[in-house]
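Asker: To be precise about what I am sending: the file is called final12.cif and holds mmCIF, C-alpha atoms.
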data_structure
loop_
_atom_site.group_PDB
_atom_site.id
_atom_site.type_symbol
_atom_site.label_atom_id
_atom_site.label_comp_id
_atom_site.auth_asym_id
_atom_site.auth_seq_id
_atom_site.Cartn_x
_atom_site.Cartn_y
_atom_site.Cartn_z
ATOM 1 C CA MET A 1 -26.356 7.489 -12.809
ATOM 2 C CA CYS A 2 -24.345 5.216 -10.498
ATOM 3 C CA THR A 3 -25.023 4.756 -6.794
ATOM 4 C CA ARG A 4 -22.558 6.067 -4.222
ATOM 5 C CA TYR A 5 -22.280 3.606 -1.341
ATOM 6 C CA GLN A 6 -21.098 4.192 2.210
ATOM 7 C CA ALA A 7 -18.330 1.596 1.860
ATOM 8 C CA TYR A 8 -16.394 -0.157 -0.897
ATOM 9 C CA GLU A 9 -14.550 -3.443 -0.423
ATOM 10 C CA ILE A 10 -12.073 -5.445 -2.468
ATOM 11 C CA LYS A 11 -13.254 -9.042 -2.797
ATOM 12 C CA ASP A 12 -9.739 -10.544 -2.820
ATOM 13 C CA GLN A 13 -8.161 -8.936 0.234
ATOM 14 C CA ASN A 14 -4.824 -10.643 -0.402
ATOM 15 C CA LYS A 15 -4.065 -8.349 -3.335
ATOM 16 C CA ILE A 16 -0.893 -6.316 -2.785
ATOM 17 C CA VAL A 17 -0.748 -2.622 -3.696
ATOM 18 C CA ASP A 18 2.771 -1.983 -2.348
ATOM 19 C CA SER A 19 5.739 -4.090 -1.235
ATOM 20 C CA THR A 20 9.085 -3.070 0.271
ATOM 21 C CA ARG A 21 12.250 -4.697 1.627
ATOM 22 C CA THR A 22 14.168 -3.167 4.562
ATOM 23 C CA ILE A 23 17.452 -4.260 6.150
ATOM 24 C CA CYS A 24 17.065 -5.180 9.825
ATOM 25 C CA TYR A 25 20.762 -5.969 10.204
ATOM 26 C CA GLN A 26 23.560 -7.113 7.926
ATOM 27 C CA ASP A 27 27.199 -8.165 8.357
ATOM 28 C CA GLU A 28 29.677 -10.612 6.861
ATOM 29 C CA HIS A 29 27.984 -13.553 8.592
ATOM 30 C CA GLU A 30 24.280 -13.036 7.958
ATOM 31 C CA GLY A 31 21.578 -10.526 7.159
ATOM 32 C CA LEU A 32 17.954 -10.217 8.198
ATOM 33 C CA TYR A 33 15.461 -8.420 5.949
ATOM 34 C CA MET A 34 11.926 -7.248 6.658
ATOM 35 C CA ILE A 35 9.366 -7.602 3.873
ATOM 36 C CA LYS A 36 6.269 -5.404 4.181
ATOM 37 C CA ASP A 37 3.344 -6.233 1.891
ATOM 38 C CA THR A 38 0.547 -3.668 1.922
ATOM 39 C CA HIS A 39 -2.975 -4.785 1.046
ATOM 40 C CA LEU A 40 -5.830 -2.400 0.285
ATOM 41 C CA LEU A 41 -9.015 -3.684 1.919
ATOM 42 C CA GLY A 42 -11.273 -0.902 0.677
ATOM 43 C CA TYR A 43 -12.490 2.524 1.702
ATOM 44 C CA SER A 44 -15.499 4.036 3.415
ATOM 45 C CA TRP A 45 -17.231 7.391 3.563
ATOM 46 C CA ASP A 46 -17.263 8.061 7.308
ATOM 47 C CA GLU A 47 -19.847 10.553 8.505
ATOM 48 C CA ILE A 48 -18.231 13.583 10.147
ATOM 49 C CA TRP A 49 -21.350 15.567 10.833
ATOM 50 C CA SER A 50 -24.985 15.745 9.832
ATOM 51 C CA PHE A 51 -27.907 18.046 10.519
ATOM 52 C CA GLU A 52 -31.555 17.979 9.512
ATOM 53 C CA ASN A 53 -32.783 21.546 9.550
ATOM 54 C CA ASP A 54 -36.585 21.508 9.802
ATOM 55 C CA SER A 55 -36.783 25.205 10.659
ATOM 56 C CA ASP A 56 -37.365 28.197 8.397
ATOM 57 C CA ASN A 57 -33.930 29.640 9.193
ATOM 58 C CA ASP A 58 -30.440 28.720 8.000
ATOM 59 C CA TYR A 59 -28.214 26.954 10.520
ATOM 60 C CA SER A 60 -24.405 27.243 10.671
ATOM 61 C CA ARG A 61 -21.840 25.364 12.705
ATOM 62 C CA VAL A 62 -18.061 25.034 12.798
ATOM 63 C CA VAL A 63 -17.041 21.464 11.928
ATOM 64 C CA THR A 64 -13.602 20.042 12.730
ATOM 65 C CA THR A 65 -11.964 17.564 10.341
ATOM 66 C CA THR A 66 -8.735 15.615 10.767
ATOM 67 C CA LYS A 67 -6.368 14.186 8.147
ATOM 68 C CA CYS A 68 -4.025 11.478 9.437
ATOM 69 C CA SER A 69 -3.043 7.810 9.395
ATOM 70 C CA ARG A 70 -3.955 5.581 12.332
ATOM 71 C CA VAL A 71 -3.010 2.025 13.198
ATOM 72 C CA ARG A 72 -6.347 0.494 14.113
ATOM 73 C CA GLN A 73 -5.105 -2.984 15.043
ATOM 74 C CA GLY A 74 -1.577 -4.203 15.788
ATOM 75 C CA THR A 75 -0.408 -0.902 17.296
ATOM 76 C CA GLN A 76 2.443 -2.658 19.114
ATOM 77 C CA PHE A 77 4.120 -3.358 15.778
ATOM 78 C CA ASP A 78 4.016 0.281 14.670
ATOM 79 C CA THR A 79 6.760 1.205 17.139
ATOM 80 C CA ASN A 80 8.925 -1.803 16.326
ATOM 81 C CA PHE A 81 8.455 -1.993 12.550
ATOM 82 C CA LYS A 82 6.928 1.396 11.597
ATOM 83 C CA VAL A 83 3.983 -0.236 9.850
ATOM 84 C CA SER A 84 2.277 3.125 9.266
ATOM 85 C CA ALA A 85 5.320 4.516 7.444
ATOM 86 C CA GLY A 86 5.677 4.353 3.685
ATOM 87 C CA PHE A 87 2.211 5.562 2.725
ATOM 88 C CA ASN A 88 3.362 9.065 1.792
ATOM 89 C CA GLY A 89 3.518 9.151 -2.011
ATOM 90 C CA LEU A 90 1.754 5.807 -2.411
ATOM 91 C CA GLY A 91 -0.422 5.898 -5.522
ATOM 92 C CA LEU A 92 -3.572 3.845 -6.066
ATOM 93 C CA SER A 93 -5.427 3.107 -9.290
ATOM 94 C CA LEU A 94 -8.973 2.045 -8.436
ATOM 95 C CA SER A 95 -12.294 1.414 -10.094
ATOM 96 C CA THR A 96 -15.911 1.115 -8.967
ATOM 97 C CA GLU A 97 -19.170 0.888 -10.880
ATOM 98 C CA CYS A 98 -18.976 4.694 -11.114
ATOM 99 C CA GLY A 99 -15.717 4.494 -13.060
ATOM 100 C CA PRO A 100 -11.952 4.793 -12.494
ATOM 101 C CA GLU A 101 -10.407 6.581 -9.510
ATOM 102 C CA SER A 102 -6.853 7.488 -8.624
ATOM 103 C CA LYS A 103 -5.293 8.564 -5.343
ATOM 104 C CA THR A 104 -1.790 9.561 -4.252
ATOM 105 C CA PHE A 105 -1.351 10.101 -0.520
ATOM 106 C CA ASN A 106 0.491 13.195 0.667
ATOM 107 C CA GLU A 107 2.383 14.109 3.809
ATOM 108 C CA SER A 108 -0.546 15.794 5.550
ATOM 109 C CA GLU A 109 -2.544 12.562 5.291
ATOM 110 C CA THR A 110 0.149 10.090 6.300
ATOM 111 C CA THR A 111 3.100 11.361 8.339
ATOM 112 C CA LYS A 112 1.435 13.989 10.503
ATOM 113 C CA THR A 113 -1.966 14.892 11.881
ATOM 114 C CA GLU A 114 -3.597 17.989 10.406
ATOM 115 C CA THR A 115 -6.818 19.425 11.807
ATOM 116 C CA THR A 116 -8.920 22.115 10.143
ATOM 117 C CA GLU A 117 -12.124 23.942 11.017
ATOM 118 C CA ASP A 118 -14.742 24.982 8.480
ATOM 119 C CA THR A 119 -18.154 26.568 8.782
ATOM 120 C CA CYS A 120 -20.966 24.443 7.397
ATOM 121 C CA THR A 121 -24.316 26.038 6.618
ATOM 122 C CA VAL A 122 -27.557 24.101 6.308
ATOM 123 C CA LYS A 123 -30.260 25.936 4.439
ATOM 124 C CA ALA A 124 -33.762 26.167 5.897
ATOM 125 C CA ASN A 125 -35.813 22.959 5.592
ATOM 126 C CA THR A 126 -32.909 20.933 4.179
ATOM 127 C CA SER A 127 -30.488 18.316 5.451
ATOM 128 C CA VAL A 128 -26.721 17.971 5.164
ATOM 129 C CA PHE A 129 -24.590 14.868 5.625
ATOM 130 C CA LEU A 130 -20.816 15.479 5.540
ATOM 131 C CA TYR A 131 -18.437 12.582 4.898
ATOM 132 C CA GLN A 132 -14.685 11.969 4.818
ATOM 133 C CA LYS A 133 -13.072 9.198 2.785
ATOM 134 C CA VAL A 134 -11.113 6.713 4.914
ATOM 135 C CA TYR A 135 -8.883 4.126 3.212
ATOM 136 C CA HIS A 136 -8.420 0.776 4.953
ATOM 137 C CA PHE A 137 -5.178 -1.211 4.630
ATOM 138 C CA ARG A 138 -3.619 -4.336 6.097
ATOM 139 C CA THR A 139 0.167 -4.602 6.319
ATOM 140 C CA ASP A 140 1.767 -8.049 6.530
ATOM 141 C CA ILE A 141 5.378 -8.123 7.727
ATOM 142 C CA TRP A 142 7.569 -11.202 7.359
ATOM 143 C CA PHE A 143 11.296 -11.862 7.261
ATOM 144 C CA ARG A 144 14.039 -13.284 5.058
ATOM 145 C CA LEU A 145 17.304 -14.530 6.569
ATOM 146 C CA ASP A 146 20.527 -14.635 4.535
ATOM 147 C CA SER A 147 22.708 -17.139 6.364
ATOM 148 C CA PHE A 148 25.694 -19.140 5.095
ATOM 149 C CA ALA A 149 25.108 -17.951 1.518
ATOM 150 C CA GLN A 150 21.522 -19.229 1.499
ATOM 151 C CA MET A 151 18.276 -17.290 1.695
ATOM 152 C CA TRP A 152 15.570 -18.493 4.086
ATOM 153 C CA THR A 153 12.094 -17.383 5.073
ATOM 154 C CA VAL A 154 11.769 -17.172 8.862
ATOM 155 C CA GLY A 155 9.088 -19.602 9.982
ATOM 156 C CA ASN A 156 6.901 -19.935 13.030
ATOM 157 C CA TYR A 157 8.141 -21.371 16.312
ATOM 158 C CA LYS A 158 7.551 -25.146 16.378
ATOM 159 C CA ARG A 159 4.564 -25.007 14.049
ATOM 160 C CA PRO A 160 4.047 -24.759 10.289
ATOM 161 C CA GLY A 161 3.888 -21.486 8.418
ATOM 162 C CA VAL A 162 5.722 -18.182 8.151
ATOM 163 C CA ALA A 163 6.442 -15.828 11.052
ATOM 164 C CA LEU A 164 4.096 -12.968 10.236
ATOM 165 C CA VAL A 165 2.856 -9.841 11.987
ATOM 166 C CA SER A 166 -0.184 -7.981 10.662
ATOM 167 C CA SER A 167 -1.592 -4.542 11.367
ATOM 168 C CA ASP A 168 -4.622 -2.628 10.131
ATOM 169 C CA VAL A 169 -3.975 0.969 9.065
ATOM 170 C CA ASP A 170 -6.598 3.606 8.277
ATOM 171 C CA ILE A 171 -5.805 6.786 6.353
ATOM 172 C CA HIS A 172 -8.230 9.660 6.859
ATOM 173 C CA ALA A 173 -7.775 11.362 3.504
ATOM 174 C CA ASN A 174 -8.184 14.916 2.288
ATOM 175 C CA SER A 175 -11.331 13.913 0.440
ATOM 176 C CA PHE A 176 -14.794 15.023 1.509
ATOM 177 C CA PHE A 177 -18.330 14.593 0.210
ATOM 178 C CA GLN A 178 -21.581 16.320 1.069
ATOM 179 C CA ASP A 179 -25.070 15.046 0.349
ATOM 180 C CA ASP A 180 -28.632 15.682 1.431
ATOM 181 C CA LYS A 181 -29.162 12.087 2.499
ATOM 182 C CA SER A 182 -27.367 9.391 4.433
ATOM 183 C CA LEU A 183 -25.106 7.000 2.543
ATOM 184 C CA VAL A 184 -25.788 3.279 2.991
ATOM 185 C CA GLY A 185 -24.728 -0.072 1.584
ATOM 186 C CA LYS A 186 -21.530 -1.573 0.203
ATOM 187 C CA GLY A 187 -20.083 -1.655 -3.303
ATOM 188 C CA ASP A 188 -17.303 -3.557 -5.032
ATOM 189 C CA LEU A 189 -13.863 -2.026 -5.475
ATOM 190 C CA ASP A 190 -11.013 -3.128 -7.719
ATOM 191 C CA ALA A 191 -7.388 -2.002 -7.638
ATOM 192 C CA THR A 192 -4.272 -2.254 -9.762
ATOM 193 C CA THR A 193 -1.933 -4.537 -7.830
ATOM 194 C CA THR A 194 1.703 -5.551 -7.705
ATOM 195 C CA ARG A 195 3.694 -8.603 -6.599
ATOM 196 C CA SER A 196 5.610 -8.966 -3.373
ATOM 197 C CA VAL A 197 9.291 -8.071 -3.621
ATOM 198 C CA ASP A 198 10.118 -11.576 -2.395
ATOM 199 C CA GLU A 199 8.646 -15.052 -2.070
ATOM 200 C CA LYS A 200 7.874 -17.094 1.037
ATOM 201 C CA THR A 201 10.110 -20.002 0.001
ATOM 202 C CA ASN A 202 12.637 -22.189 1.817
ATOM 203 C CA ILE A 203 11.011 -21.781 5.241
ATOM 204 C CA LYS A 204 13.341 -22.219 8.218
ATOM 205 C CA PRO A 205 11.618 -22.923 11.556
ATOM 206 C CA PHE A 206 12.067 -20.068 14.000
ATOM 207 C CA GLU A 207 13.892 -22.218 16.560
ATOM 208 C CA LYS A 208 16.462 -23.243 13.924
ATOM 209 C CA CYS A 209 17.341 -19.667 12.972
ATOM 210 C CA SER A 210 20.441 -18.080 14.479
ATOM 211 C CA ASP A 211 20.354 -16.803 18.064
ATOM 212 C CA ARG A 212 20.849 -13.282 16.763
ATOM 213 C CA CYS A 213 17.833 -13.568 14.485
ATOM 214 C CA GLN A 214 15.650 -15.058 17.210
ATOM 215 C CA ASP A 215 16.690 -12.409 19.744
ATOM 216 C CA TYR A 216 16.083 -9.561 17.283
ATOM 217 C CA LEU A 217 12.557 -10.726 16.467
ATOM 218 C CA HIS A 218 11.651 -11.759 20.024
ATOM 219 C CA GLU A 219 12.598 -8.299 21.285
ATOM 220 C CA ARG A 220 10.142 -6.842 18.782
ATOM 221 C CA GLY A 221 7.210 -9.060 19.636
ATOM 222 C CA VAL A 222 7.468 -11.646 16.839
#
Turn the structure described in the file into structure tokens.

Answerer:
Amino acid sequence: MCTRYQAYEIKDQNKIVDSTRTICYQDEHEGLYMIKDTHLLGYSWDEIWSFENDSDNDYSRVVTTTKCSRVRQGTQFDTNFKVSAGFNGLGLSLSTECGPESKTFNESETTKTETTEDTCTVKANTSVFLYQKVYHFRTDIWFRLDSFAQMWTVGNYKRPGVALVSSDVDIHANSFFQDDKSLVGKGDLDATTTRSVDEKTNIKPFEKCSDRCQDYLHERGV
């Protein structure tokens, strides 16, 4: 029998599970494209409620649960680049020491917040620990500039590297688990991955990009 841990992490957190390209603007002179690479960091079983009933009577309580997606870090980029969008319909193929897992996110988990109430009963002289599965992602957003019939990667301002904005997104899934003891420890998680839709090649320093490109990204906090 395998052990269920409180959290599972992917060792290589640069693995991509989804990648998309979106047009920022495009005309006969140039086009700017946003690349969003989504990395799965792992998932955890977050405790919603627990009760140790040491009496001789059953105990019942109404417990509220919430399904939603939340930007945990980098919230300023969610408004400008909609980093939390695109998770609806995303499918994951995972594996732990307990075997393979699969998950496809639905609308109630990703594009809206849904709250439900359920009555939990703890039998006399028993304990209940109620958990909800929360998936942890990092989204990396970077940009490709099509200018004068050549494709560039937008670089940083006066320093090496690629202009990149990152956000951490948590999805509180419609997946629950109940046990008579508290979950502890961390386990390893693996995932089927994909490649980015583009490559960070031919880097053009930010200050050498067109004024339109610079203005567009500056206005959005890049």

Asker: Running the PyMOL selection byres ((chain A and resi 210-221) around 6) on this model by hand, what would come out? Give it as a ChimeraX atom specification.

Answerer: /A:80,209,222

Asker: Work out how far apart atom CA of Lys11 of chain A and atom CA of Gly42 of chain A are and give it in Å to one decimal.

Answerer: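 It comes out at 9.1 Å.
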
Asker: Which one is closest to Ser166 of chain A: A:Ser44, A:Thr64, A:Asn88, A:Thr38? Count all atoms listed in the file.

Answerer: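 Looking only at the distances to Ser166 of chain A, the closest residue turns out to be A:Thr38.
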
Asker: I need the output of the PyMOL selection byres ((chain A and resi 2) around 7) for this file as a ChimeraX atom specification; which residues are they?

Answerer: /A:1,3-4,97-98

Asker: With distances taken over all atoms listed in the file, which residue among A:Ile16, A:Ala149, A:Leu92, A:Val169 lies nearest Thr75 of chain A?

Answerer: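 For Thr75 of chain A, the nearest of the candidates is A:Val169.
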
Asker: Which residues are near Lys36 of chain A? Cut-off 12 Å, all atoms listed in the file, ignore same chain within fewer than 3 positions. Put them as a PyMOL selection string.

Answerer: chain A and resi 16-23+33+39+77+81-87+138-144+164-167+195-199

Asker: Care to translate the PyMOL selection byres ((chain A and resi 91) around 7) into actual residues of this file, as a PyMOL selection string?

Answerer: chain A and resi 89-90+92-93+103-105

Asker: Could you check how far atom CA of Tyr43 of chain A sits from atom CA of Ser108 of chain A, in Å to one decimal?

Answerer: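 Calculated distance between atom CA of Tyr43 of chain A and atom CA of Ser108 of chain A is 18.3 Å.
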
Asker: Hey, could you make a per-residue contact list for segment 78-134 of chain A against segment 170-180 of chain A with 8 Å as the cut-off, showing the nearest pair of atoms and its distance in Å to one decimal, counting all atoms listed in the file, sorted by chain and number, as JSON lines?

Answerer:
{"residue": "A:Phe105", "atom": "CA", "partner": "A:Ala173", "partner_atom": "CA", "distance": 7.7}
{"residue": "A:Glu109", "atom": "CA", "partner": "A:Ala173", "partner_atom": "CA", "distance": 5.7}
{"residue": "A:Thr110", "atom": "CA", "partner": "A:Ile171", "partner_atom": "CA", "distance": 6.8}
{"residue": "A:Thr126", "atom": "CA", "partner": "A:Asp180", "partner_atom": "CA", "distance": 7.3}
{"residue": "A:Ser127", "atom": "CA", "partner": "A:Asp180", "partner_atom": "CA", "distance": 5.2}
{"residue": "A:Val128", "atom": "CA", "partner": "A:Asp180", "partner_atom": "CA", "distance": 4.8}
{"residue": "A:Phe129", "atom": "CA", "partner": "A:Asp179", "partner_atom": "CA", "distance": 5.3}
{"residue": "A:Leu130", "atom": "CA", "partner": "A:Gln178", "partner_atom": "CA", "distance": 4.6}
{"residue": "A:Tyr131", "atom": "CA", "partner": "A:Phe177", "partner_atom": "CA", "distance": 5.1}
{"residue": "A:Gln132", "atom": "CA", "partner": "A:Phe176", "partner_atom": "CA", "distance": 4.5}
{"residue": "A:Lys133", "atom": "CA", "partner": "A:Ser175", "partner_atom": "CA", "distance": 5.5}
{"residue": "A:Val134", "atom": "CA", "partner": "A:His172", "partner_atom": "CA", "distance": 4.6}

Asker: Could the residues in this selection be saved with C-alpha atoms as a PDB file, in the coordinates of the input?

Answerer:
ATOM      1  CA  PHE A 105      -1.351  10.101  -0.520  1.00  0.00           C
ATOM      2  CA  GLU A 109      -2.544  12.562   5.291  1.00  0.00           C
ATOM      3  CA  THR A 110       0.149  10.090   6.300  1.00  0.00           C
ATOM      4  CA  THR A 126     -32.909  20.933   4.179  1.00  0.00           C
ATOM      5  CA  SER A 127     -30.488  18.316   5.451  1.00  0.00           C
ATOM      6  CA  VAL A 128     -26.721  17.971   5.164  1.00  0.00           C
ATOM      7  CA  PHE A 129     -24.590  14.868   5.625  1.00  0.00           C
ATOM      8  CA  LEU A 130     -20.816  15.479   5.540  1.00  0.00           C
ATOM      9  CA  TYR A 131     -18.437  12.582   4.898  1.00  0.00           C
ATOM     10  CA  GLN A 132     -14.685  11.969   4.818  1.00  0.00           C
ATOM     11  CA  LYS A 133     -13.072   9.198   2.785  1.00  0.00           C
ATOM     12  CA  VAL A 134     -11.113   6.713   4.914  1.00  0.00           C
TER      13      VAL A 134
END

Asker: For atom CA of Lys15 of chain A and atom CA of Ser69 of chain A, determine how far apart the two atoms are, in Å to one decimal place.

Answerer: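 Between atom CA of Lys15 of chain A and atom CA of Ser69 of chain A the gap works out to 20.6 Å.
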
Asker: Give me the residues within 7 Å of segment 202-208 of chain A as an MDAnalysis selection string, counting all atoms listed in the file and dropping any in the same chain fewer than 6 places off.

Answerer: chainID A and resid 152:158 214

Asker: Which is closer to Asp146 of chain A than all the others in A:Val71, A:Cys24, A:Val122, A:Ala191, using only C-alpha atoms?

Answerer: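 Among the listed residues, A:Cys24 lies closest to Asp146 of chain A.
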